[in-house]
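J.: This is structure_38.txt, which holds compact mmCIF, C-alpha atoms:
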```txt
# COMPACT_ATOMS: atom_id res chain seq x y z
CA MET Q 11 -14.56 -2.78 6.18
CA VAL Q 12 -15.38 -0.98 2.94
CA THR Q 13 -12.85 -0.72 0.12
CA ASP Q 14 -12.71 -0.05 -3.59
CA TYR Q 15 -10.34 -2.98 -4.16
CA TYR Q 16 -9.67 -6.21 -2.38
CA LEU Q 17 -7.94 -9.54 -2.81
CA PRO Q 18 -7.30 -11.49 -5.01
CA THR Q 19 -5.98 -8.37 -6.78
CA LEU Q 20 -2.47 -7.48 -5.66
CA GLY Q 21 -1.63 -4.31 -3.78
CA GLY Q 22 -0.64 -2.87 -0.42
CA VAL Q 23 -4.16 -1.82 0.58
CA GLN Q 24 -5.49 -5.30 -0.12
CA THR Q 25 -2.70 -6.83 1.98
CA VAL Q 26 -3.35 -4.40 4.84
CA ILE Q 27 -7.06 -5.22 4.89
CA LYS Q 28 -6.26 -8.92 4.98
CA ALA Q 29 -3.91 -8.30 7.93
CA HIS Q 30 -6.47 -6.13 9.76
CA ARG Q 31 -9.16 -8.72 9.29
CA GLU Q 32 -6.99 -11.54 10.65
CA ALA Q 33 -5.97 -9.50 13.69
CA LEU Q 34 -9.52 -8.43 14.49
CA GLU Q 35 -10.89 -11.95 14.13
CA TYR Q 36 -8.12 -13.27 16.35
CA ALA Q 37 -9.19 -10.67 18.93
CA GLY Q 38 -12.71 -12.08 18.88
CA HIS Q 39 -14.49 -9.68 16.53
CA GLU Q 40 -16.53 -10.45 13.43
CA VAL Q 41 -15.35 -8.76 10.24
CA PHE Q 42 -17.12 -8.30 6.92
CA VAL Q 43 -15.35 -6.86 3.88
CA PHE Q 44 -17.48 -5.00 1.31
CA ALA Q 45 -15.81 -4.45 -2.07
CA PRO Q 46 -16.41 -4.55 -5.83
CA LEU Q 47 -15.48 -7.99 -7.13
CA ALA Q 48 -15.20 -9.52 -10.57
CA GLU Q 49 -17.33 -12.41 -9.26
CA GLN Q 50 -19.01 -13.49 -6.06
CA SER Q 51 -16.71 -14.68 -3.28
CA SER Q 52 -17.08 -18.08 -1.65
CA ASP Q 53 -16.17 -16.44 1.67
CA PRO Q 54 -19.42 -15.43 3.43
CA HIS Q 55 -17.60 -12.55 5.14
CA ILE Q 56 -16.67 -10.92 1.81
CA VAL Q 57 -19.65 -9.12 0.30
CA ARG Q 58 -19.68 -8.09 -3.35
CA LEU Q 59 -20.78 -4.52 -3.99
CA PRO Q 60 -22.45 -3.59 -7.31
CA THR Q 61 -19.64 -3.77 -9.85
CA ALA Q 62 -19.27 -2.26 -13.32
CA ARG Q 63 -19.24 -4.65 -16.27
CA GLY Q 64 -16.39 -4.32 -18.74
CA PHE Q 65 -14.76 -1.42 -16.90
CA ALA Q 66 -11.78 -2.12 -14.62
CA PRO Q 67 -9.38 0.85 -14.40
CA ASP Q 68 -5.82 -0.28 -13.65
CA GLY Q 69 -7.13 -3.85 -13.58
CA TYR Q 70 -9.33 -3.39 -10.50
CA PRO Q 71 -13.10 -4.07 -10.39
CA PHE Q 72 -14.97 -0.77 -10.15
CA THR Q 73 -17.93 0.02 -7.86
CA TRP Q 74 -20.93 1.17 -9.88
CA THR Q 75 -23.34 2.73 -9.33
CA PRO Q 76 -22.64 4.65 -6.09
CA SER Q 77 -26.34 4.75 -5.28
CA ALA Q 78 -26.73 1.00 -5.72
CA ALA Q 79 -23.65 0.41 -3.55
CA ALA Q 80 -25.07 2.68 -0.83
CA ARG Q 81 -28.36 0.77 -0.86
CA THR Q 82 -26.55 -2.58 -0.64
CA LEU Q 83 -24.40 -1.36 2.24
CA HIS Q 84 -27.35 0.19 4.09
CA ASP Q 85 -29.33 -3.04 4.01
CA ASP Q 86 -26.36 -5.28 4.87
CA LEU Q 87 -25.01 -3.07 7.67
CA ARG Q 88 -28.44 -3.03 9.29
CA SER Q 89 -29.18 -6.73 8.86
CA ARG Q 90 -25.74 -7.75 10.18
CA GLU Q 91 -25.96 -5.30 13.12
CA ILE Q 92 -22.61 -3.71 12.27
CA ASP Q 93 -21.02 -1.61 15.05
CA ILE Q 94 -18.23 0.20 13.17
CA VAL Q 95 -17.61 0.96 9.51
CA HIS Q 96 -13.92 1.11 8.59
CA VAL Q 97 -13.33 2.72 5.19
CA HIS Q 98 -10.03 2.11 3.38
CA THR Q 99 -10.29 4.05 0.11
CA GLU Q 100 -11.61 7.30 -1.37
CA MET Q 101 -13.67 6.22 -4.37
CA PHE Q 102 -17.29 5.17 -4.80
CA ALA Q 103 -17.34 2.15 -2.48
CA ALA Q 104 -15.92 4.37 0.24
CA LEU Q 105 -18.49 7.12 -0.39
CA ALA Q 106 -21.26 4.52 -0.25
CA GLY Q 107 -19.86 3.33 3.07
CA PHE Q 108 -20.00 6.85 4.52
CA GLU Q 109 -23.53 7.39 3.21
CA ALA Q 110 -24.90 4.14 4.60
CA ALA Q 111 -23.12 4.47 7.95
CA ARG Q 112 -24.37 8.02 8.48
CA ALA Q 113 -27.95 7.00 7.66
CA LEU Q 114 -27.76 4.26 10.31
CA GLY Q 115 -25.85 6.30 12.92
CA ILE Q 116 -22.77 4.04 12.80
CA PRO Q 117 -19.35 5.61 13.50
CA VAL Q 118 -16.85 5.69 10.64
CA VAL Q 119 -13.11 5.12 10.83
CA GLN Q 120 -11.12 6.16 7.76
CA THR Q 121 -7.66 4.75 7.03
CA MET Q 122 -5.78 6.95 4.58
CA HIS Q 123 -3.47 4.59 2.72
CA GLY Q 124 -2.15 6.52 -0.24
CA ARG Q 125 -1.64 9.72 -2.16
CA ILE Q 126 -4.46 9.75 -4.68
CA ASP Q 127 -3.15 13.06 -6.01
CA VAL Q 128 -0.13 11.16 -7.34
CA TYR Q 129 -2.11 8.06 -8.30
CA THR Q 130 -4.70 9.92 -10.40
CA ARG Q 131 -2.02 12.04 -12.09
CA SER Q 132 -0.09 8.91 -13.03
CA VAL Q 133 -2.87 6.47 -13.93
CA LEU Q 134 -6.00 8.27 -15.15
CA PRO Q 135 -6.28 9.15 -18.84
CA LEU Q 136 -6.26 12.92 -19.40
CA PRO Q 137 -5.92 13.57 -15.65
CA SER Q 138 -6.43 17.33 -15.95
CA ILE Q 139 -9.95 16.55 -17.17
CA THR Q 140 -10.79 13.26 -15.46
CA THR Q 141 -9.79 14.52 -12.00
CA VAL Q 142 -12.30 17.36 -12.45
CA LEU Q 143 -15.02 14.80 -13.15
CA LEU Q 144 -13.90 12.58 -10.28
CA ALA Q 145 -13.84 15.48 -7.82
CA ALA Q 146 -17.27 16.66 -8.99
CA MET Q 147 -18.78 13.19 -8.54
CA HIS Q 148 -17.15 12.91 -5.10
CA ARG Q 149 -18.43 16.37 -4.10
CA ARG Q 150 -21.98 15.45 -5.11
CA ARG Q 151 -22.02 12.77 -2.40
CA MET Q 152 -19.77 14.44 0.19
CA SER Q 153 -19.30 18.14 0.91
CA HIS Q 154 -15.85 19.61 0.27
CA ASP Q 155 -16.58 22.81 2.23
CA ARG Q 156 -14.40 21.81 5.19
CA SER Q 157 -11.10 21.72 3.28
CA ARG Q 158 -8.72 24.62 2.78
CA ILE Q 159 -5.66 23.49 0.85
CA ASP Q 160 -2.34 25.30 1.27
CA PRO Q 161 -0.93 25.93 -2.23
CA THR Q 162 2.56 26.70 -0.89
CA ALA Q 163 3.19 23.02 -0.10
CA PRO Q 164 5.31 21.55 -2.92
CA TYR Q 165 3.04 18.51 -3.24
CA ALA Q 166 -0.02 20.81 -3.69
CA ALA Q 167 1.55 23.26 -6.12
CA THR Q 168 -0.69 22.44 -9.10
CA ARG Q 169 -4.43 22.94 -9.44
CA MET Q 170 -4.89 19.24 -10.16
CA ALA Q 171 -2.97 18.24 -7.01
CA ARG Q 172 -5.02 20.66 -4.87
CA ARG Q 173 -8.20 19.20 -6.33
CA MET Q 174 -7.26 15.73 -5.11
CA TRP Q 175 -5.94 16.95 -1.75
CA ARG Q 176 -9.27 18.71 -1.20
CA LEU Q 177 -11.00 15.38 -1.85
CA MET Q 178 -8.73 13.51 0.60
CA VAL Q 179 -8.98 16.13 3.34
CA SER Q 180 -12.74 16.46 2.97
CA GLN Q 181 -13.25 12.72 3.32
CA ALA Q 182 -10.97 12.56 6.37
CA ASN Q 183 -12.90 15.40 8.01
CA HIS Q 184 -16.20 13.55 7.54
CA ALA Q 185 -14.90 10.53 9.49
CA ASP Q 186 -15.04 10.07 13.26
CA HIS Q 187 -11.40 8.98 13.40
CA VAL Q 188 -8.55 8.80 10.90
CA ILE Q 189 -5.71 6.27 10.84
CA VAL Q 190 -2.54 6.70 8.78
CA PRO Q 191 0.44 4.32 8.65
CA SER Q 192 3.20 6.94 8.60
CA ALA Q 193 4.14 10.14 10.40
CA HIS Q 194 5.11 11.94 7.18
CA PHE Q 195 1.65 11.43 5.68
CA ALA Q 196 -0.03 12.43 8.94
CA ALA Q 197 1.94 15.68 8.94
CA LYS Q 198 0.83 16.46 5.37
CA LEU Q 199 -2.83 15.75 6.16
CA ALA Q 200 -2.74 17.94 9.26
CA ALA Q 201 -1.01 20.73 7.36
CA GLN Q 202 -3.76 20.63 4.72
CA GLY Q 203 -6.58 20.93 7.21
CA VAL Q 204 -7.56 17.52 8.59
CA GLN Q 205 -9.23 18.24 11.93
CA THR Q 206 -10.58 14.78 12.73
CA PRO Q 207 -8.67 12.97 15.53
CA LEU Q 208 -5.78 11.20 13.81
CA THR Q 209 -3.67 8.21 14.86
CA VAL Q 210 -0.41 7.07 13.29
CA LEU Q 211 -0.51 3.28 13.38
CA SER Q 212 1.88 0.97 11.56
CA ASN Q 213 0.20 -1.45 9.19
CA GLY Q 214 2.04 -4.41 10.71
CA LEU Q 215 2.03 -7.93 9.30
CA GLU Q 216 -0.39 -10.72 10.03
CA ASP Q 217 0.89 -13.80 11.83
CA THR Q 218 0.33 -15.95 8.73
CA VAL Q 219 2.97 -13.93 6.86
CA LEU Q 220 5.45 -14.19 9.70
CA GLU Q 221 4.82 -17.93 9.87
CA ALA Q 222 5.35 -18.25 6.10
CA VAL Q 223 8.61 -16.33 6.31
CA GLY Q 224 9.80 -18.44 9.24
CA ALA Q 225 13.14 -17.73 10.94
CA PRO Q 226 15.28 -15.97 8.32
CA THR Q 227 19.06 -16.27 8.22
CA PRO Q 228 21.36 -13.29 7.57
CA ARG Q 229 22.13 -12.83 3.88
CA SER Q 230 25.67 -13.53 2.77
CA LEU Q 231 27.29 -13.17 -0.63
CA ALA Q 232 29.96 -15.67 -1.64
CA ARG Q 233 32.88 -14.69 -3.83
CA GLY Q 234 31.73 -14.65 -7.46
CA GLU Q 235 28.05 -15.01 -6.52
CA GLU Q 236 25.55 -12.67 -8.18
CA LEU Q 237 23.58 -10.32 -5.92
CA ARG Q 238 19.89 -11.25 -6.08
CA VAL Q 239 17.55 -8.24 -6.03
CA VAL Q 240 13.76 -8.23 -5.75
CA TRP Q 241 11.19 -5.50 -6.56
CA CYS Q 242 7.47 -5.84 -5.87
CA GLY Q 243 4.58 -3.50 -6.48
CA ARG Q 244 2.02 -2.20 -8.93
CA LEU Q 245 3.55 -1.67 -12.38
CA SER Q 246 2.31 1.88 -12.55
CA PRO Q 247 4.08 5.21 -13.18
CA GLU Q 248 3.88 6.41 -9.57
CA LYS Q 249 5.89 3.34 -8.50
CA ARG Q 250 8.58 4.15 -11.12
CA PRO Q 251 9.30 0.55 -12.15
CA GLU Q 252 11.25 1.72 -15.19
CA VAL Q 253 13.75 3.45 -12.88
CA PHE Q 254 14.46 0.04 -11.37
CA VAL Q 255 14.82 -1.58 -14.81
CA GLU Q 256 17.33 1.08 -15.83
CA ALA Q 257 19.24 0.70 -12.56
CA VAL Q 258 19.54 -3.07 -13.13
CA SER Q 259 20.96 -2.41 -16.59
CA LEU Q 260 23.67 -0.23 -15.05
CA VAL Q 261 24.92 -2.84 -12.55
CA PRO Q 262 26.54 -6.05 -13.82
CA GLY Q 263 26.91 -8.99 -11.47
CA ILE Q 264 23.32 -8.98 -10.23
CA ARG Q 265 20.10 -10.89 -10.93
CA ALA Q 266 16.72 -9.25 -10.39
CA GLU Q 267 13.05 -10.22 -10.22
CA MET Q 268 9.98 -8.00 -10.44
CA PHE Q 269 6.51 -8.96 -9.19
CA GLY Q 270 3.34 -7.08 -10.02
CA ASP Q 271 1.11 -5.91 -12.83
CA GLY Q 272 -0.48 -2.68 -13.96
CA VAL Q 273 -0.81 -0.07 -16.67
CA ALA Q 274 2.96 0.16 -17.18
CA ARG Q 275 3.45 -3.59 -17.75
CA ARG Q 276 4.05 -3.24 -21.49
CA ARG Q 277 6.57 -0.40 -21.09
CA VAL Q 278 8.38 -2.32 -18.34
CA ALA Q 279 8.56 -5.43 -20.52
CA SER Q 280 9.94 -3.42 -23.44
CA ALA Q 281 12.52 -1.71 -21.26
CA THR Q 282 13.52 -5.05 -19.78
CA GLU Q 283 14.08 -6.60 -23.21
CA ALA Q 284 16.06 -3.59 -24.36
CA HIS Q 285 18.32 -2.99 -21.37
CA ALA Q 286 18.46 -5.76 -18.79
CA ASP Q 287 20.48 -8.34 -20.78
CA GLY Q 288 18.40 -11.23 -19.47
CA ARG Q 289 19.34 -10.42 -15.86
CA LEU Q 290 15.83 -9.27 -14.93
CA ILE Q 291 12.67 -11.42 -14.91
CA VAL Q 292 9.24 -9.72 -14.76
CA HIS Q 293 6.78 -12.22 -13.27
CA GLY Q 294 3.56 -10.20 -13.34
CA ALA Q 295 0.82 -10.65 -10.74
CA VAL Q 296 1.40 -13.60 -8.40
CA PRO Q 297 0.03 -14.75 -5.03
CA GLN Q 298 1.59 -13.26 -1.93
CA SER Q 299 3.17 -16.64 -1.18
CA ARG Q 300 5.25 -16.39 -4.38
CA VAL Q 301 6.55 -13.00 -3.33
CA LEU Q 302 7.57 -14.34 0.08
CA GLU Q 303 9.34 -17.27 -1.60
CA ALA Q 304 11.28 -14.85 -3.80
CA MET Q 305 12.26 -12.81 -0.75
CA ALA Q 306 13.61 -15.94 0.88
CA ARG Q 307 15.95 -16.38 -2.13
CA ALA Q 308 16.95 -12.72 -2.47
CA HIS Q 309 19.77 -10.68 -0.98
CA VAL Q 310 18.09 -7.24 -1.05
CA LEU Q 311 14.70 -5.58 -1.61
CA VAL Q 312 14.42 -2.37 -3.62
CA SER Q 313 11.69 0.29 -3.72
CA SER Q 314 11.83 2.84 -6.54
CA SER Q 315 8.67 4.72 -5.52
CA LEU Q 316 9.01 8.47 -4.92
CA ASP Q 317 6.64 10.92 -3.21
CA PHE Q 318 3.76 8.47 -3.25
CA ASP Q 319 3.93 5.55 -0.81
CA ASN Q 320 3.30 5.92 2.91
CA GLN Q 321 4.22 2.54 4.40
CA PRO Q 322 4.54 -0.10 1.66
CA MET Q 323 3.58 -3.53 2.94
CA VAL Q 324 6.25 -5.11 0.77
CA ILE Q 325 8.95 -3.30 2.77
CA LEU Q 326 7.56 -4.69 6.03
CA GLU Q 327 7.52 -8.13 4.41
CA GLY Q 328 11.12 -7.67 3.26
CA ILE Q 329 12.26 -6.68 6.73
CA ALA Q 330 10.45 -9.68 8.20
CA ALA Q 331 12.28 -11.89 5.69
CA GLY Q 332 15.63 -10.46 6.83
CA LEU Q 333 16.29 -8.45 3.69
CA PRO Q 334 18.25 -5.19 3.58
CA VAL Q 335 16.03 -2.54 1.98
CA ILE Q 336 17.01 0.19 -0.47
CA VAL Q 337 14.55 3.09 -0.96
CA THR Q 338 14.71 6.13 -3.23
CA ASP Q 339 12.16 8.16 -1.22
CA PRO Q 340 13.51 9.91 1.91
CA ASP Q 341 9.99 9.88 3.41
CA LEU Q 342 10.21 6.10 3.73
CA ALA Q 343 13.27 6.32 6.00
CA GLU Q 344 11.00 6.28 9.06
CA MET Q 345 10.06 2.66 8.42
CA LEU Q 346 13.60 1.34 7.93
CA PRO Q 347 15.15 -0.46 10.92
CA PRO Q 348 18.38 1.11 12.21
CA GLY Q 349 21.22 -0.28 10.13
CA GLY Q 350 18.85 -2.41 8.04
CA GLY Q 351 18.11 -0.06 5.18
CA THR Q 352 19.54 2.73 3.09
CA ILE Q 353 18.29 5.74 1.14
CA THR Q 354 19.82 6.39 -2.26
CA ARG Q 355 21.86 9.59 -2.61
CA THR Q 356 19.74 10.60 -5.59
CA SER Q 357 16.31 9.29 -6.58
CA ASP Q 358 17.15 8.56 -10.21
CA ALA Q 359 18.32 5.29 -11.77
CA GLU Q 360 21.99 6.17 -11.30
CA GLY Q 361 21.44 6.80 -7.59
CA LEU Q 362 19.63 3.48 -7.23
CA ALA Q 363 22.29 1.67 -9.26
CA SER Q 364 25.00 3.15 -7.04
CA ALA Q 365 23.30 1.84 -3.88
CA ILE Q 366 22.88 -1.64 -5.39
CA ARG Q 367 26.49 -1.60 -6.60
CA GLU Q 368 27.76 -0.76 -3.11
CA LEU Q 369 26.04 -3.80 -1.62
CA ARG Q 370 27.27 -6.01 -4.46
CA ASP Q 371 30.84 -4.92 -3.70
CA ASP Q 372 30.61 -5.07 0.11
CA PRO Q 373 29.41 -8.49 1.34
CA ALA Q 374 30.23 -7.53 4.94
CA ARG Q 375 27.83 -4.59 4.81
CA LEU Q 376 25.17 -6.77 3.22
CA LEU Q 377 25.51 -9.22 6.12
CA GLU Q 378 25.36 -6.41 8.69
CA MET Q 379 22.22 -4.89 7.16
CA SER Q 380 20.49 -8.24 6.95
CA SER Q 381 21.36 -9.01 10.56
CA ALA Q 382 19.96 -5.60 11.59
CA ALA Q 383 16.68 -6.36 9.81
CA ILE Q 384 16.39 -9.69 11.60
CA ALA Q 385 17.21 -8.08 14.96
CA HIS Q 386 14.50 -5.48 14.33
CA ARG Q 387 11.98 -8.22 13.70
CA ALA Q 388 12.88 -9.89 16.99
CA GLY Q 389 12.28 -6.63 18.90
CA ALA Q 390 9.39 -5.34 16.83
CA ASP Q 391 6.94 -5.25 19.73
CA SER Q 392 8.84 -2.32 21.24
CA ASP Q 393 9.69 -0.49 18.00
CA PRO Q 394 7.83 2.50 16.52
CA VAL Q 395 7.34 0.58 13.28
CA THR Q 396 6.00 -2.84 14.16
CA LEU Q 397 6.04 -5.95 12.06
CA ARG Q 398 3.59 -7.95 14.11
CA ARG Q 399 0.00 -6.78 14.36
CA ARG Q 400 -0.63 -7.41 18.02
CA SER Q 401 -4.03 -8.62 19.19
CA THR Q 402 -5.69 -9.62 22.44
CA PRO Q 403 -8.86 -11.65 22.80
CA ALA Q 404 -12.02 -9.63 23.49
CA ARG Q 405 -12.40 -9.38 27.27
CA ASP Q 406 -16.15 -9.68 27.63
CA GLY Q 407 -16.69 -12.27 24.96
CA ARG Q 408 -18.78 -9.88 22.84
CA ARG Q 409 -17.94 -9.96 19.16
CA SER Q 410 -17.94 -6.49 17.64
CA ARG Q 411 -18.85 -6.32 13.99
```
Mind converting the file's structure to structure tokens?
T.:
Amino acid sequence: MVTDYYLPTLGGVQTVIKAHREALEYAGHEVFVFAPLAEQSSDPHIVRLPTARGFAPDGYPFTWTPSAAARTLHDDLRSREIDIVHVHTEMFAALAGFEAARALGIPVVQTMHGRIDVYTRSVLPLPSITTVLLAAMHRRRMSHDRSRIDPTAPYAATRMARRMWRLMVSQANHADHVIVPSAHFAAKLAAQGVQTPLTVLSNGLEDTVLEAVGAPTPRSLARGEELRVVWCGRLSPEKRPEVFVEAVSLVPGIRAEMFGDGVARRRVASATEAHADGRLIVHGAVPQSRVLEAMARAHVLVSSSLDFDNQPMVILEGIAAGLPVIVTDPDLAEMLPPGGGTITRTSDAEGLASAIRELRDDPARLLEMSSAAIAHRAGADSDPVTLRRRSTPARDGRRSR
């Protein structure tokens, strides 16, 4: 597996890769993860790619140089007799993975996790300029000739958005197979010209997470008890954490916790001090175990992301923990269990506050939604959106790498 970011940094992609690795190893395969790291890993199956010194955009170690990363990958893939390269990102580690795999004749699987058109617009400094440079550097190592972007799609209406969609579609079309976690993202990729065979496959959760969560009980709210709300994700504009902070300020009778870090941390902290009246605690980056512990204490999980996420791992974790889930993005409805989640009427802070307020004032509905989430977990093996990543031992005893 090749990725531009990996644990111990927090994020959905990192969590997915951890889950994939566990499932594949349980099935009898051997998995190596290649990624830029701040320092060498003590795990022999995690290989550090050449990493920039003193440059970590959005807090993540950055692969540099692409040529050095490609040389490292080429030598390691050959010496370890790798059978498949599975790429999880679209930046320089990913490009190095494609380059090395092609030189060695190894098939490439690409999982498309996120909307980098939204991410780059929200996170990069001077995105109208830096996305030009990023696209040019990407195009130098991978042809963009195969992509024809439809400008009539609302998400590709700007030149900057089309630039990043061309990058995503081009990379997908250079792979041998593409995996996406959600049907709505698959439809967008196909509409924009992805011709590579494409599979929609839920991220799922590793058994270690399900074991940590245990057997959840339906959430109930006693008379006079405050509703406990949890939010988890990267503190970055595309996740809209400030919308959540404002929503909390509009709803008395609740207590909230936020987990995560990112470029918007200072703005979130300022907004919290100004508006949340001490009812919201921002914890910053924490281990996954801390997030699961907070979910065990909470009544409801909230996602304020809009037009960015595809299948947030934290929502799967919340469902596994028996939490009702509130989302502001209609695209995320496909991952909510029947009766176990709700979409806000509007995507702004007032719409989110209204949804939280309704659960605060209706303990019976809270109990019903929590029970539905737990029932979905019990029947996840037959559901379109699975919680458990199912695995079977390799039949012939051969360990694929």
J.: Mind giving me the straight-line distance from CA of Arg125 (chain Q) to CA of Val41 (chain Q) in Å, one decimal?
T.: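 Between CA of Arg125 (chain Q) and CA of Val41 (chain Q) the gap is 26.1 Å.
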J.: Tell me, counting only C-alpha atoms, for each residue of region 226-331 of chain Q within 12 Å of region 160-169 of chain Q, which pair of atoms is nearest and how far apart they are in Å to one decimal, in rows ordered by chain and increasing number, as a tab-separated table.
T.:
```
residue	atom	partner	partner_atom	distance
Q:Leu316	CA	Q:Tyr165	CA	11.8
Q:Asp317	CA	Q:Tyr165	CA	8.4
Q:Phe318	CA	Q:Tyr165	CA	10.1
```
J.: Just want the 7 Å neighbourhood of region 76-89 of chain Q, counted on all atoms listed in the file, with same-chain residues fewer than 3 positions away dropped. Output as a list in words.
T.: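 Those residues are Leu59, Pro60, Thr73, Ile92, Phe102, Ala103, Ala106, Gly107, Glu109 and Ala110 of chain Q.
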J.: Can you pull out the residues contacting Val223 (chain Q)? Cut-off 10 Å, using all atoms listed in the file, and skip same-chain residues under 6 positions away; I want them as a list of chain:residue names.
T.: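 The residues that qualify are Q:Asp217, Q:Ser299, Q:Leu302, Q:Glu303, Q:Met305, Q:Ala306, Q:Glu327, Q:Gly328, Q:Ala330, Q:Ala331, Q:Gly332.
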J.: Enclose region 104-107 of chain Q, meaning all of its atoms listed in the file, in a box aligned along x, y and z, pad it by 6 Å on each side, and list the centre and edge lengths in Å to one decimal, as JSON.
T.:
```
{"center_x": -18.6, "center_y": 5.2, "center_z": 1.3, "size_x": 17.3, "size_y": 15.8, "size_z": 15.5}
```
J.: Please list as a PyMOL selection string every residue within 10 Å of region 193-197 of chain Q, counting only C-alpha atoms and excluding residues in the same chain fewer than 3 positions away.
T.: chain Q and resi 122-125+188-190+200-202+204+208-212+318-321+341-345
J.: Excluding Asp287 (chain Q) and residues on its chain fewer than 2 positions from it, collect all residues at most 10 Å away from it, counting all atoms listed in the file, and give them as a ChimeraX atom specification.
T.: /Q:258-259,262,282-285,289-290
J.: How far is it from CA of Leu114 (chain Q) to CA of His96 (chain Q), in Å with one decimal?
T.: 14.3 Å
J.: Hey, which of Q:Ser364, Q:Ser357, Q:Ser380, Q:Gln50 ends up closest to Pro334 (chain Q)? Count only C-alpha atoms.
T.: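 Looking at the shortest contact to Pro334 (chain Q), the residue is Q:Ser380.
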J.: Would you mind reading off the distance between CA of Glu91 (chain Q) and CA of Leu34 (chain Q), one decimal, in Å?
T.: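 About the pair CA of Glu91 (chain Q) and CA of Leu34 (chain Q): they are 16.8 Å apart.
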J.: Skip Ile291 (chain Q) itself and residues of its chain fewer than 2 positions away, then list as a PyMOL selection string all residues within 8 Å of it, counting all atoms listed in the file.
T.: chain Q and resi 266-268+288-289+293
